[in-house]
Each structure stands twice: as structure tokens, then as C-alpha cells.
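File shown here: model37.pdb, holding PDB, C-alpha atoms, pLDDT in the B column.
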MODEL        1
ATOM      1  CA  MET A  25      -9.769 -15.768  -2.975  1.00 43.00           C
ATOM      2  CA  ALA A  26      -7.972 -12.440  -3.116  1.00 42.00           C
ATOM      3  CA  ASP A  27      -9.617 -11.066  -6.237  1.00 43.00           C
ATOM      4  CA  ASP A  28     -13.276 -11.941  -5.838  1.00 42.00           C
ATOM      5  CA  SER A  29     -13.517 -10.595  -2.301  1.00 45.00           C
ATOM      6  CA  GLU A  30     -11.385  -7.478  -2.599  1.00 47.00           C
ATOM      7  CA  ASN A  31     -14.384  -5.263  -1.861  1.00 52.00           C
ATOM      8  CA  ASP A  32     -14.595  -6.728   1.619  1.00 65.00           C
ATOM      9  CA  ARG A  33     -10.946  -6.156   2.328  1.00 71.00           C
ATOM     10  CA  GLN A  34      -8.698  -3.280   3.178  1.00 73.00           C
ATOM     11  CA  ALA A  35      -5.379  -3.322   1.402  1.00 79.00           C
ATOM     12  CA  ILE A  36      -2.076  -1.518   1.462  1.00 80.00           C
ATOM     13  CA  THR A  37      -0.077  -1.775  -1.747  1.00 87.00           C
ATOM     14  CA  ARG A  38       3.605  -1.072  -2.166  1.00 89.00           C
ATOM     15  CA  ALA A  39       5.653  -1.398  -5.319  1.00 91.00           C
ATOM     16  CA  ARG A  40       9.311  -1.319  -6.142  1.00 93.00           C
ATOM     17  CA  THR A  41      11.278  -1.887  -9.327  1.00 95.00           C
ATOM     18  CA  LEU A  42      14.117  -4.290  -8.685  1.00 95.00           C
ATOM     19  CA  ASP A  43      17.277  -4.653 -10.712  1.00 94.00           C
ATOM     20  CA  ALA A  44      16.821  -8.396 -11.256  1.00 95.00           C
ATOM     21  CA  SER A  45      14.815 -10.700 -13.496  1.00 96.00           C
ATOM     22  CA  PRO A  46      11.428 -12.070 -12.372  1.00 96.00           C
ATOM     23  CA  ALA A  47      13.083 -15.498 -11.980  1.00 96.00           C
ATOM     24  CA  GLU A  48      15.757 -14.054  -9.692  1.00 96.00           C
ATOM     25  CA  VAL A  49      13.169 -12.192  -7.618  1.00 97.00           C
ATOM     26  CA  TRP A  50      10.981 -15.305  -7.445  1.00 97.00           C
ATOM     27  CA  GLU A  51      13.862 -17.222  -5.900  1.00 97.00           C
ATOM     28  CA  THR A  52      14.273 -14.654  -3.119  1.00 97.00           C
ATOM     29  CA  LEU A  53      10.530 -14.877  -2.403  1.00 97.00           C
ATOM     30  CA  THR A  54      10.318 -18.653  -2.175  1.00 97.00           C
ATOM     31  CA  ASP A  55      13.681 -19.963  -0.960  1.00 97.00           C
ATOM     32  CA  GLU A  56      13.662 -20.166   2.816  1.00 96.00           C
ATOM     33  CA  ILE A  57      17.367 -19.432   3.158  1.00 96.00           C
ATOM     34  CA  LEU A  58      17.001 -16.309   1.028  1.00 96.00           C
ATOM     35  CA  LEU A  59      13.754 -15.283   2.751  1.00 97.00           C
ATOM     36  CA  ALA A  60      15.623 -15.396   6.046  1.00 96.00           C
ATOM     37  CA  ARG A  61      17.976 -12.737   4.691  1.00 95.00           C
ATOM     38  CA  TRP A  62      15.381 -10.077   4.021  1.00 95.00           C
ATOM     39  CA  PHE A  63      11.874 -10.965   5.210  1.00 95.00           C
ATOM     40  CA  ALA A  64      12.429 -12.501   8.626  1.00 94.00           C
ATOM     41  CA  THR A  65      15.313 -13.967  10.595  1.00 93.00           C
ATOM     42  CA  GLU A  66      14.316 -17.629  10.508  1.00 96.00           C
ATOM     43  CA  VAL A  67      12.041 -19.087   7.895  1.00 97.00           C
ATOM     44  CA  GLU A  68      10.436 -22.406   7.099  1.00 97.00           C
ATOM     45  CA  PHE A  69       8.689 -22.193   3.762  1.00 97.00           C
ATOM     46  CA  GLU A  70       6.972 -24.792   1.610  1.00 97.00           C
ATOM     47  CA  PRO A  71       6.377 -23.042  -1.733  1.00 95.00           C
ATOM     48  CA  ARG A  72       3.267 -24.861  -2.913  1.00 96.00           C
ATOM     49  CA  GLU A  73      -0.432 -24.125  -2.601  1.00 96.00           C
ATOM     50  CA  GLY A  74      -1.523 -25.363   0.787  1.00 96.00           C
ATOM     51  CA  GLY A  75       2.074 -25.308   2.017  1.00 97.00           C
ATOM     52  CA  ASP A  76       3.060 -24.146   5.480  1.00 96.00           C
ATOM     53  CA  ALA A  77       5.208 -21.168   6.311  1.00 97.00           C
ATOM     54  CA  ARG A  78       6.711 -20.141   9.591  1.00 96.00           C
ATOM     55  CA  PHE A  79       8.572 -16.901  10.161  1.00 95.00           C
ATOM     56  CA  GLU A  80      10.564 -15.710  13.111  1.00 94.00           C
ATOM     57  CA  PHE A  81      11.025 -11.958  13.280  1.00 89.00           C
ATOM     58  CA  PRO A  82      13.876  -9.964  14.806  1.00 84.00           C
ATOM     59  CA  ASP A  83      11.888  -9.217  17.967  1.00 81.00           C
ATOM     60  CA  GLY A  84      11.441 -12.946  18.584  1.00 86.00           C
ATOM     61  CA  GLU A  85       7.820 -13.140  17.477  1.00 86.00           C
ATOM     62  CA  THR A  86       6.882 -16.175  15.402  1.00 91.00           C
ATOM     63  CA  ARG A  87       4.051 -16.181  12.890  1.00 90.00           C
ATOM     64  CA  GLU A  88       2.633 -18.976  10.817  1.00 93.00           C
ATOM     65  CA  ALA A  89       0.905 -18.808   7.491  1.00 94.00           C
ATOM     66  CA  GLU A  90      -0.630 -20.975   4.839  1.00 94.00           C
ATOM     67  CA  ILE A  91       0.679 -20.433   1.342  1.00 97.00           C
ATOM     68  CA  ASP A  92      -2.264 -20.215  -1.022  1.00 95.00           C
ATOM     69  CA  VAL A  93      -1.032 -18.694  -4.275  1.00 97.00           C
ATOM     70  CA  VAL A  94       2.015 -20.041  -6.087  1.00 98.00           C
ATOM     71  CA  GLU A  95       2.352 -19.016  -9.715  1.00 97.00           C
ATOM     72  CA  PRO A  96       6.078 -19.198 -10.423  1.00 96.00           C
ATOM     73  CA  GLY A  97       7.540 -15.936 -11.638  1.00 96.00           C
ATOM     74  CA  GLU A  98       4.151 -14.204 -11.330  1.00 97.00           C
ATOM     75  CA  SER A  99       2.513 -14.274  -7.950  1.00 98.00           C
ATOM     76  CA  LEU A 100       2.880 -15.659  -4.476  1.00 98.00           C
ATOM     77  CA  GLY A 101       0.513 -15.259  -1.571  1.00 97.00           C
ATOM     78  CA  TRP A 102      -0.101 -16.451   1.926  1.00 95.00           C
ATOM     79  CA  THR A 103      -2.662 -16.003   4.677  1.00 93.00           C
ATOM     80  CA  TRP A 104      -1.524 -15.495   8.255  1.00 90.00           C
ATOM     81  CA  ARG A 105      -2.799 -17.999  10.750  1.00 88.00           C
ATOM     82  CA  GLY A 106      -4.525 -16.471  13.766  1.00 77.00           C
ATOM     83  CA  GLU A 107      -2.591 -16.942  16.970  1.00 60.00           C
ATOM     84  CA  ASP A 108      -5.578 -18.517  18.631  1.00 54.00           C
ATOM     85  CA  GLY A 109      -6.264 -20.755  15.631  1.00 54.00           C
ATOM     86  CA  SER A 110      -9.398 -18.803  14.740  1.00 53.00           C
ATOM     87  CA  GLY A 111     -10.028 -18.188  11.079  1.00 56.00           C
ATOM     88  CA  GLU A 112      -8.290 -15.778   8.790  1.00 54.00           C
ATOM     89  CA  THR A 113      -6.317 -12.735   9.710  1.00 72.00           C
ATOM     90  CA  GLY A 114      -4.306 -10.868   7.088  1.00 85.00           C
ATOM     91  CA  ARG A 115      -2.891 -11.799   3.722  1.00 90.00           C
ATOM     92  CA  VAL A 116       0.301 -10.939   1.931  1.00 93.00           C
ATOM     93  CA  GLU A 117       0.512 -11.181  -1.820  1.00 96.00           C
ATOM     94  CA  PHE A 118       3.487 -10.520  -4.066  1.00 97.00           C
ATOM     95  CA  ARG A 119       3.003  -9.873  -7.771  1.00 97.00           C
ATOM     96  CA  LEU A 120       5.883  -9.792 -10.217  1.00 97.00           C
ATOM     97  CA  GLU A 121       5.746  -7.930 -13.499  1.00 97.00           C
ATOM     98  CA  PRO A 122       8.536  -7.674 -16.074  1.00 96.00           C
ATOM     99  CA  ALA A 123       9.858  -4.107 -16.281  1.00 96.00           C
ATOM    100  CA  ASP A 124      12.183  -2.443 -18.778  1.00 94.00           C
ATOM    101  CA  SER A 125      15.850  -3.448 -19.109  1.00 94.00           C
ATOM    102  CA  GLY A 126      15.153  -6.940 -17.747  1.00 94.00           C
ATOM    103  CA  ARG A 127      14.112  -5.583 -14.379  1.00 95.00           C
ATOM    104  CA  THR A 128      11.118  -6.596 -12.278  1.00 96.00           C
ATOM    105  CA  ARG A 129       8.285  -4.609 -10.790  1.00 96.00           C
ATOM    106  CA  LEU A 130       7.473  -6.152  -7.422  1.00 96.00           C
ATOM    107  CA  ILE A 131       4.067  -5.295  -5.995  1.00 96.00           C
ATOM    108  CA  VAL A 132       3.330  -6.155  -2.382  1.00 93.00           C
ATOM    109  CA  ILE A 133      -0.307  -6.203  -1.319  1.00 92.00           C
ATOM    110  CA  GLU A 134      -1.149  -6.590   2.336  1.00 87.00           C
ATOM    111  CA  SER A 135      -4.829  -7.012   2.993  1.00 84.00           C
ATOM    112  CA  ARG A 136      -7.222  -8.120   5.647  1.00 75.00           C
ATOM    113  CA  PRO A 137     -10.978  -8.497   5.948  1.00 70.00           C
ATOM    114  CA  VAL A 138     -12.786  -5.297   6.889  1.00 59.00           C
ATOM    115  CA  SER A 139     -14.376  -7.179   9.779  1.00 53.00           C
ATOM    116  CA  VAL A 140     -11.034  -7.288  11.538  1.00 47.00           C
ATOM    117  CA  ALA A 141      -9.767  -4.053  10.033  1.00 45.00           C
ATOM    118  CA  THR A 142     -10.579  -2.074  13.143  1.00 44.00           C
ATOM    119  CA  ASP A 143      -8.326  -4.306  15.170  1.00 43.00           C
ATOM    120  CA  ALA A 144      -4.963  -2.698  14.550  1.00 41.00           C
ATOM    121  CA  VAL A 145      -3.220  -5.630  16.176  1.00 39.00           C
ATOM    122  CA  ARG A 146      -3.900  -8.068  13.372  1.00 38.00           C
ATOM    123  CA  TRP A 147      -2.268  -6.130  10.611  1.00 42.00           C
ATOM    124  CA  GLY A 148       0.493  -8.579   9.845  1.00 42.00           C
ATOM    125  CA  PRO A 149       4.154  -8.576  10.699  1.00 42.00           C
ATOM    126  CA  ALA A 150       4.649  -4.877  10.163  1.00 43.00           C
ATOM    127  CA  LEU A 151       2.717  -4.416  13.358  1.00 41.00           C
ATOM    128  CA  THR A 152       4.811  -6.817  15.360  1.00 42.00           C
ATOM    129  CA  SER A 153       7.667  -4.365  15.298  1.00 44.00           C
ATOM    130  CA  LEU A 154       5.107  -1.676  15.960  1.00 42.00           C
ATOM    131  CA  SER A 155       3.900  -3.420  19.056  1.00 41.00           C
ATOM    132  CA  ALA A 156       7.502  -3.767  20.209  1.00 44.00           C
ATOM    133  CA  MET A 157       7.985  -0.062  19.719  1.00 44.00           C
ATOM    134  CA  HIS A 158       4.638   0.783  21.225  1.00 40.00           C
ATOM    135  CA  SER A 159       5.444  -1.271  24.308  1.00 40.00           C
ATOM    136  CA  SER A 160       8.751   0.484  24.638  1.00 41.00           C
ATOM    137  CA  LEU A 161       6.997   3.830  24.327  1.00 43.00           C
ATOM    138  CA  VAL A 162       4.442   2.835  26.883  1.00 39.00           C
ATOM    139  CA  CYS A 163       7.039   1.472  29.260  1.00 35.00           C
ATOM    140  CA  ALA A 164       9.347   4.450  28.824  1.00 32.00           C
TER
ATOM    141  CA  MET B  24       4.587  -9.369  21.282  1.00 33.00           C
ATOM    142  CA  ARG B  25       1.272  -7.626  20.701  1.00 41.00           C
ATOM    143  CA  LEU B  26      -0.435  -4.456  21.664  1.00 43.00           C
ATOM    144  CA  ASP B  27      -2.873  -5.330  24.343  1.00 43.00           C
ATOM    145  CA  GLN B  28      -6.466  -4.395  23.649  1.00 46.00           C
ATOM    146  CA  ALA B  29      -6.422  -1.350  25.892  1.00 48.00           C
ATOM    147  CA  GLN B  30      -3.379   0.137  24.152  1.00 52.00           C
ATOM    148  CA  SER B  31      -4.805  -0.607  20.740  1.00 54.00           C
ATOM    149  CA  ASP B  32      -8.077   1.107  21.719  1.00 63.00           C
ATOM    150  CA  ASP B  33      -6.080   4.123  22.875  1.00 71.00           C
ATOM    151  CA  THR B  34      -4.367   4.429  19.506  1.00 74.00           C
ATOM    152  CA  GLY B  35      -7.759   4.059  17.817  1.00 79.00           C
ATOM    153  CA  ALA B  36      -9.186   6.841  19.987  1.00 86.00           C
ATOM    154  CA  VAL B  37      -6.321   9.134  18.960  1.00 88.00           C
ATOM    155  CA  PHE B  38      -6.938   8.523  15.263  1.00 86.00           C
ATOM    156  CA  PHE B  39     -10.691   9.018  15.765  1.00 87.00           C
ATOM    157  CA  ALA B  40      -9.995  12.307  17.517  1.00 91.00           C
ATOM    158  CA  LEU B  41      -7.629  13.424  14.749  1.00 89.00           C
ATOM    159  CA  ALA B  42     -10.094  12.527  11.982  1.00 86.00           C
ATOM    160  CA  ASP B  43     -12.104  15.691  12.592  1.00 89.00           C
ATOM    161  CA  PRO B  44     -10.710  18.957  11.132  1.00 89.00           C
ATOM    162  CA  THR B  45     -12.180  21.069  13.929  1.00 90.00           C
ATOM    163  CA  ARG B  46     -10.375  18.965  16.501  1.00 92.00           C
ATOM    164  CA  ARG B  47      -7.144  19.244  14.536  1.00 90.00           C
ATOM    165  CA  HIS B  48      -7.550  23.037  14.666  1.00 89.00           C
ATOM    166  CA  LEU B  49      -8.108  22.766  18.382  1.00 90.00           C
ATOM    167  CA  ILE B  50      -4.914  20.760  18.758  1.00 91.00           C
ATOM    168  CA  GLU B  51      -3.043  23.408  16.792  1.00 88.00           C
ATOM    169  CA  ALA B  52      -4.517  26.101  19.006  1.00 87.00           C
ATOM    170  CA  LEU B  53      -3.356  24.175  22.081  1.00 88.00           C
ATOM    171  CA  GLY B  54      -0.048  23.345  20.441  1.00 82.00           C
ATOM    172  CA  ASP B  55       2.223  25.651  22.396  1.00 77.00           C
ATOM    173  CA  GLY B  56       1.611  23.582  25.514  1.00 77.00           C
ATOM    174  CA  SER B  57       0.047  26.324  27.594  1.00 82.00           C
ATOM    175  CA  SER B  58      -3.179  25.649  29.447  1.00 87.00           C
ATOM    176  CA  VAL B  59      -6.130  27.374  27.862  1.00 88.00           C
ATOM    177  CA  THR B  60      -9.686  28.120  28.937  1.00 88.00           C
ATOM    178  CA  PRO B  61     -12.638  27.323  26.652  1.00 86.00           C
ATOM    179  CA  SER B  62     -13.454  31.052  26.501  1.00 85.00           C
ATOM    180  CA  ALA B  63      -9.999  31.811  25.125  1.00 86.00           C
ATOM    181  CA  LEU B  64     -10.379  29.045  22.548  1.00 87.00           C
ATOM    182  CA  ALA B  65     -13.882  30.217  21.622  1.00 86.00           C
ATOM    183  CA  ALA B  66     -12.453  33.658  20.908  1.00 85.00           C
ATOM    184  CA  GLU B  67      -9.929  32.101  18.542  1.00 82.00           C
ATOM    185  CA  LEU B  68     -12.089  29.527  16.759  1.00 85.00           C
ATOM    186  CA  PRO B  69     -15.479  29.854  15.060  1.00 87.00           C
ATOM    187  CA  LEU B  70     -17.177  27.493  17.500  1.00 88.00           C
ATOM    188  CA  THR B  71     -19.947  27.714  20.007  1.00 89.00           C
ATOM    189  CA  ARG B  72     -18.987  27.077  23.597  1.00 87.00           C
ATOM    190  CA  GLN B  73     -21.109  23.926  23.492  1.00 89.00           C
ATOM    191  CA  ALA B  74     -19.406  22.528  20.377  1.00 91.00           C
ATOM    192  CA  LEU B  75     -16.054  23.378  21.861  1.00 92.00           C
ATOM    193  CA  THR B  76     -16.796  21.483  25.056  1.00 90.00           C
ATOM    194  CA  LYS B  77     -17.920  18.462  23.036  1.00 93.00           C
ATOM    195  CA  HIS B  78     -14.737  18.418  20.936  1.00 94.00           C
ATOM    196  CA  LEU B  79     -12.537  18.931  23.984  1.00 94.00           C
ATOM    197  CA  GLY B  80     -14.342  15.958  25.514  1.00 94.00           C
ATOM    198  CA  VAL B  81     -13.388  13.730  22.574  1.00 94.00           C
ATOM    199  CA  LEU B  82      -9.784  14.931  22.779  1.00 94.00           C
ATOM    200  CA  GLY B  83      -9.875  14.192  26.499  1.00 94.00           C
ATOM    201  CA  GLU B  84     -11.146  10.639  25.972  1.00 93.00           C
ATOM    202  CA  ALA B  85      -8.272  10.038  23.552  1.00 93.00           C
ATOM    203  CA  GLY B  86      -5.843  11.311  26.183  1.00 93.00           C
ATOM    204  CA  LEU B  87      -4.825  14.186  23.928  1.00 93.00           C
ATOM    205  CA  VAL B  88      -5.791  16.877  26.418  1.00 94.00           C
ATOM    206  CA  THR B  89      -6.103  16.984  30.150  1.00 94.00           C
ATOM    207  CA  LYS B  90      -8.374  19.363  32.012  1.00 92.00           C
ATOM    208  CA  ARG B  91      -7.813  21.021  35.315  1.00 92.00           C
ATOM    209  CA  ARG B  92     -10.156  23.110  37.457  1.00 91.00           C
ATOM    210  CA  GLU B  93      -8.812  26.451  38.535  1.00 87.00           C
ATOM    211  CA  GLY B  94     -11.308  28.342  40.618  1.00 88.00           C
ATOM    212  CA  ARG B  95     -14.361  28.839  38.421  1.00 87.00           C
ATOM    213  CA  GLU B  96     -12.494  28.001  35.238  1.00 87.00           C
ATOM    214  CA  THR B  97     -11.490  24.777  33.534  1.00 89.00           C
ATOM    215  CA  ARG B  98      -8.172  24.852  31.742  1.00 92.00           C
ATOM    216  CA  TYR B  99      -7.150  22.436  29.014  1.00 93.00           C
ATOM    217  CA  THR B 100      -3.604  21.343  28.187  1.00 93.00           C
ATOM    218  CA  LEU B 101      -2.364  19.345  25.206  1.00 93.00           C
ATOM    219  CA  GLN B 102      -0.690  16.004  25.961  1.00 90.00           C
ATOM    220  CA  PRO B 103       1.756  15.631  23.060  1.00 86.00           C
ATOM    221  CA  GLU B 104       2.901  12.117  24.099  1.00 86.00           C
ATOM    222  CA  ARG B 105      -0.267  10.730  22.552  1.00 86.00           C
ATOM    223  CA  LEU B 106       0.567  12.395  19.243  1.00 86.00           C
ATOM    224  CA  THR B 107       4.070  10.959  19.383  1.00 84.00           C
ATOM    225  CA  GLU B 108       2.650   7.460  19.799  1.00 82.00           C
ATOM    226  CA  ALA B 109       0.337   7.909  16.824  1.00 82.00           C
ATOM    227  CA  ALA B 110       3.223   9.247  14.729  1.00 81.00           C
ATOM    228  CA  ALA B 111       5.351   6.252  15.749  1.00 78.00           C
ATOM    229  CA  TRP B 112       2.564   3.914  14.685  1.00 74.00           C
ATOM    230  CA  ILE B 113       2.509   5.460  11.221  1.00 75.00           C
ATOM    231  CA  ALA B 114       6.292   5.490  10.925  1.00 74.00           C
ATOM    232  CA  VAL B 115       6.693   1.864  11.952  1.00 71.00           C
ATOM    233  CA  VAL B 116       3.936   0.477   9.771  1.00 68.00           C
ATOM    234  CA  GLY B 117       5.306   2.307   6.756  1.00 70.00           C
ATOM    235  CA  GLY B 118       8.932   1.758   7.683  1.00 77.00           C
ATOM    236  CA  ALA B 119       8.998  -2.001   8.253  1.00 80.00           C
ATOM    237  CA  TRP B 120       8.254  -2.777   4.629  1.00 85.00           C
ATOM    238  CA  GLU B 121      10.602  -0.070   3.395  1.00 86.00           C
ATOM    239  CA  GLU B 122      13.403  -1.671   5.375  1.00 88.00           C
ATOM    240  CA  ARG B 123      12.463  -5.114   4.178  1.00 92.00           C
ATOM    241  CA  LEU B 124      12.362  -4.134   0.534  1.00 93.00           C
ATOM    242  CA  GLY B 125      15.684  -2.357   0.986  1.00 93.00           C
ATOM    243  CA  ARG B 126      17.191  -5.607   2.281  1.00 95.00           C
ATOM    244  CA  LEU B 127      15.679  -7.485  -0.660  1.00 96.00           C
ATOM    245  CA  GLU B 128      17.242  -5.004  -3.091  1.00 95.00           C
ATOM    246  CA  ALA B 129      20.649  -5.418  -1.459  1.00 95.00           C
ATOM    247  CA  LEU B 130      20.338  -9.206  -1.506  1.00 96.00           C
ATOM    248  CA  LEU B 131      19.493  -9.258  -5.211  1.00 96.00           C
ATOM    249  CA  GLN B 132      22.433  -6.995  -5.951  1.00 94.00           C
ATOM    250  CA  GLU B 133      24.767  -9.185  -3.912  1.00 94.00           C
ATOM    251  CA  ARG B 134      23.620 -12.307  -5.766  1.00 93.00           C
ATOM    252  CA  ARG B 135      24.116 -10.601  -9.121  1.00 88.00           C
ATOM    253  CA  SER B 136      27.635  -9.458  -8.396  1.00 88.00           C
ATOM    254  CA  GLY B 137      28.480 -12.821  -6.855  1.00 78.00           C
ATOM    255  CA  SER B 138      27.413 -14.873  -9.877  1.00 59.00           C
TER
ENDMDL
END

Can I see the file as C-alpha cells?
Amino acid sequence: MADDSENDRQAITRARTLDASPAEVWETLTDEILLARWFATEVEFEPREGGDARFEFPDGETREAEIDVVEPGESLGWTWRGEDGSGETGRVEFRLEPADSGRTRLIVIESRPVSVATDAVRWGPALTSLSAMHSSLVCA
Amino acid sequence: MRLDQAQSDDTGAVFFALADPTRRHLIEALGDGSSVTPSALAAELPLTRQALTKHLGVLGEAGLVTKRREGRETRYTLQPERLTEAAAWIAVVGGAWEERLGRLEALLQERRSGS
């Protein structure tokens, strides 16, 4: 669903070359114990299409997602579940590409439908720490 | 924890206000924090009084300037807190993933040296 509807979505892409093989990187993206060491603090993760994911972030916020792309060693994606159970919010997709010297190019694509793009609140977990900071700014 | 709608609208209003180059010039002109009259600004910027008032209105709605009546004059003052909030928004959105990917890099390195 990511590719055929990209025109209707806004995306932020980040990339980093990691000193590890695609298989090693894949493990850190799909193993819940490893995910809890870099992506969130507590993670439940079922790495199959249609699988459930649940992340707890350092500020205590919990977010759930449905895993919808699982191509081992190549790409992994999930769609955040709306807090009120309504439809789709944002997506996160990881793409892995072999790089020189046995390294891996990791591309992270965060996207969301343009229809909700004006709502800054729904922009995935990056914004949860934002809202924590924003609240602290507002309260200060 | 989420931004409530009102706060999120405020941040949106700031970015809308900043999207216009004329308004960014206005902010620069007001940047030293002193309170300025529209006539003083009109002398500094190639704008009609009417256009100036309109732009100052948008900045006011975003909370970026406040206005104060002083006798027959209205004086405008920049409210830099709003800019700080917008800057924090940008820094946090960009920074969260940077931090995350930094942790991922460290984890991969640790697993390599451990095996």
C-alpha cells in the first residue's frame, strides 16, 4: 500500500549506513528484545504481515501498530493504530540495502496521508517526545 | 501525552506566519525586542501601511507579536517565546530519530564486538 499511494502521502526519509550486514540489521528491527534497546523501552512485536506491535516510549506513552510489510533482510513496515481506533494514522517503513564492505544502508521512511498531514499531532512517535517537550515549554 | 488541539493550532499558526518572506523580514525588523510603530516599520520596509497592518495582524494571531496602544499610536513588540517553541518542534522531530539511529548503531557495534 505504500508505493501505489505515495502521491497522497507526505513522507520524511532518513538514511544511515550501518557497520553490520543486512541480516544483522534485520534482527535488530524485528527482535522485540533488541527493539527495546534502541526504538522504544518496552516492545511486543510479531514480525509477520498482519502481526501486532506495541511500543512503550520513554515518556510512558504506548502506541500500537499493525505490521504490514515483512520481507526479511529487505523491508519492514508498520502502520500506527489511531488512539481512538479510527482508521490509519502514520506509517513507518524500513528498507535495507547492501552497501560496500558488507555494510548496510538503512532507509527509514515515515509517512502519513495528506488528509491528516495538517494535524501535527499524528506524526508518529517522534512527536510524542515533542508533545512532552511542548507541554513542558507551555507549563514552564 | 499529546499536544492538545489548541496548542497544535498555535504551532501551525506560527509556521503559517513564518511561511511568508515579508513577515520574516518584519520579524527581523522587530528582532531587537523594542516596541515599534507601523510608521517606523514602513520607513524601513518597502510596504504600504495597509500591507504592513495586514502582516502584523497575521503575526499577532500567531502570538508572535503583541500590540499596545500608546496615545494615538499602536506599538508592536516581538514575542520570541513563540519562535522558541517552533524551533523546539523542529529540533525534537529531527532529533528523536537521530538519537534512535545512534542507539541502533551502538547496539550493532556492541553485538559485533560481543560475538

Counting only C-alpha atoms, what is within 6 Å of region 91-98 of chain B, bar same-chain residues fewer than 3 positions away, as a list in words?
->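 Near region 91-98 of chain B, the qualifying residues are Ser58, Val59 and Thr60 of chain B.
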
With C-alpha atoms retained, write the just-selected residues as a PDB file, keeping the file's coordinate frame.
ATOM      1  CA  SER B  58      -3.179  25.649  29.447  1.00 87.00           C
ATOM      2  CA  VAL B  59      -6.130  27.374  27.862  1.00 88.00           C
ATOM      3  CA  THR B  60      -9.686  28.120  28.937  1.00 88.00           C
TER       4      THR B  60
END

For CA of Ile57 (chain A) and CA of Phe69 (chain A), determine how far apart the two atoms are, in Å to one decimal place.
-> 9.1 Å

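Take CA of Phe38 (chain B) and CA of Pro103 (chain B): the distance between them is 13.7 Å.
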
Would you kindly translate the PyMOL selection byres ((chain B and resi 124) around 12) into the concrete residues it picks from this file, as number ranges by chain?
-> A: 38-42, 49, 52-53, 59, 61-64, 118, 130-132; B: 117-123, 125-131

Interatomic distance (Å, one decimal) between CA of Pro71 (chain A) and CA of Val93 (chain A) = 9.0 Å

Give, as JSON, the centre coordinates and the x, y and z edge lengths in Å to one decimal for an axis-aligned box around all listed atoms of region 64-80 of chain B, padded by 3 Å on each side.
{"center_x": -15.5, "center_y": 24.8, "center_z": 20.3, "size_x": 17.2, "size_y": 23.7, "size_z": 16.5}

Apply the PyMOL selection byres ((chain B and resi 83) around 10) to the structure shown and report the selected residues as a PyMOL selection string.
-> chain B and resi 36-37+40+77-82+84-90+99-102

Near-Leu75 (chain B) list (9 Å; only C-alpha atoms; drop same-chain fewer than 5 positions) as a PyMOL selection string = chain B and resi 46+49+61+64-65+68+70+80

Quick one: residues within 8 Å of Arg78 (chain A), only C-alpha atoms counted, chain neighbours fewer than 5 positions away excluded, as a short mmCIF file (atom, residue, chain, number, x, y, z; two decimals) with C-alpha atoms, keeping the file's coordinate frame?
data_model
loop_
_atom_site.label_atom_id
_atom_site.label_comp_id
_atom_site.auth_asym_id
_atom_site.auth_seq_id
_atom_site.Cartn_x
_atom_site.Cartn_y
_atom_site.Cartn_z
CA VAL A 67 12.04 -19.09 7.90
CA GLU A 68 10.44 -22.41 7.10
CA PHE A 69 8.69 -22.19 3.76
CA THR A 86 6.88 -16.18 15.40
CA ARG A 87 4.05 -16.18 12.89
CA GLU A 88 2.63 -18.98 10.82
CA ALA A 89 0.90 -18.81 7.49
#

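When all atoms listed in the file are used to measure the gap to chain A, the shortest distance among B:Asp33, B:Glu51, B:Asp43, B:Glu67 belongs to B:Asp33.
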
For the file shown, what are the residues hit by the PyMOL selection byres ((chain A and resi 45) around 6), laid out as a PyMOL selection string?
-> chain A and resi 44+46-48+126-128

Write the residues of the selection above to a file with C-alpha atoms, as an mmCIF file, keeping the file's coordinate frame.
data_model
loop_
_atom_site.group_PDB
_atom_site.id
_atom_site.type_symbol
_atom_site.label_atom_id
_atom_site.label_comp_id
_atom_site.auth_asym_id
_atom_site.auth_seq_id
_atom_site.Cartn_x
_atom_site.Cartn_y
_atom_site.Cartn_z
ATOM 1 C CA ALA A 44 16.821 -8.396 -11.256
ATOM 2 C CA PRO A 46 11.428 -12.070 -12.372
ATOM 3 C CA ALA A 47 13.083 -15.498 -11.980
ATOM 4 C CA GLU A 48 15.757 -14.054 -9.692
ATOM 5 C CA GLY A 126 15.153 -6.940 -17.747
ATOM 6 C CA ARG A 127 14.112 -5.583 -14.379
ATOM 7 C CA THR A 128 11.118 -6.596 -12.278
#
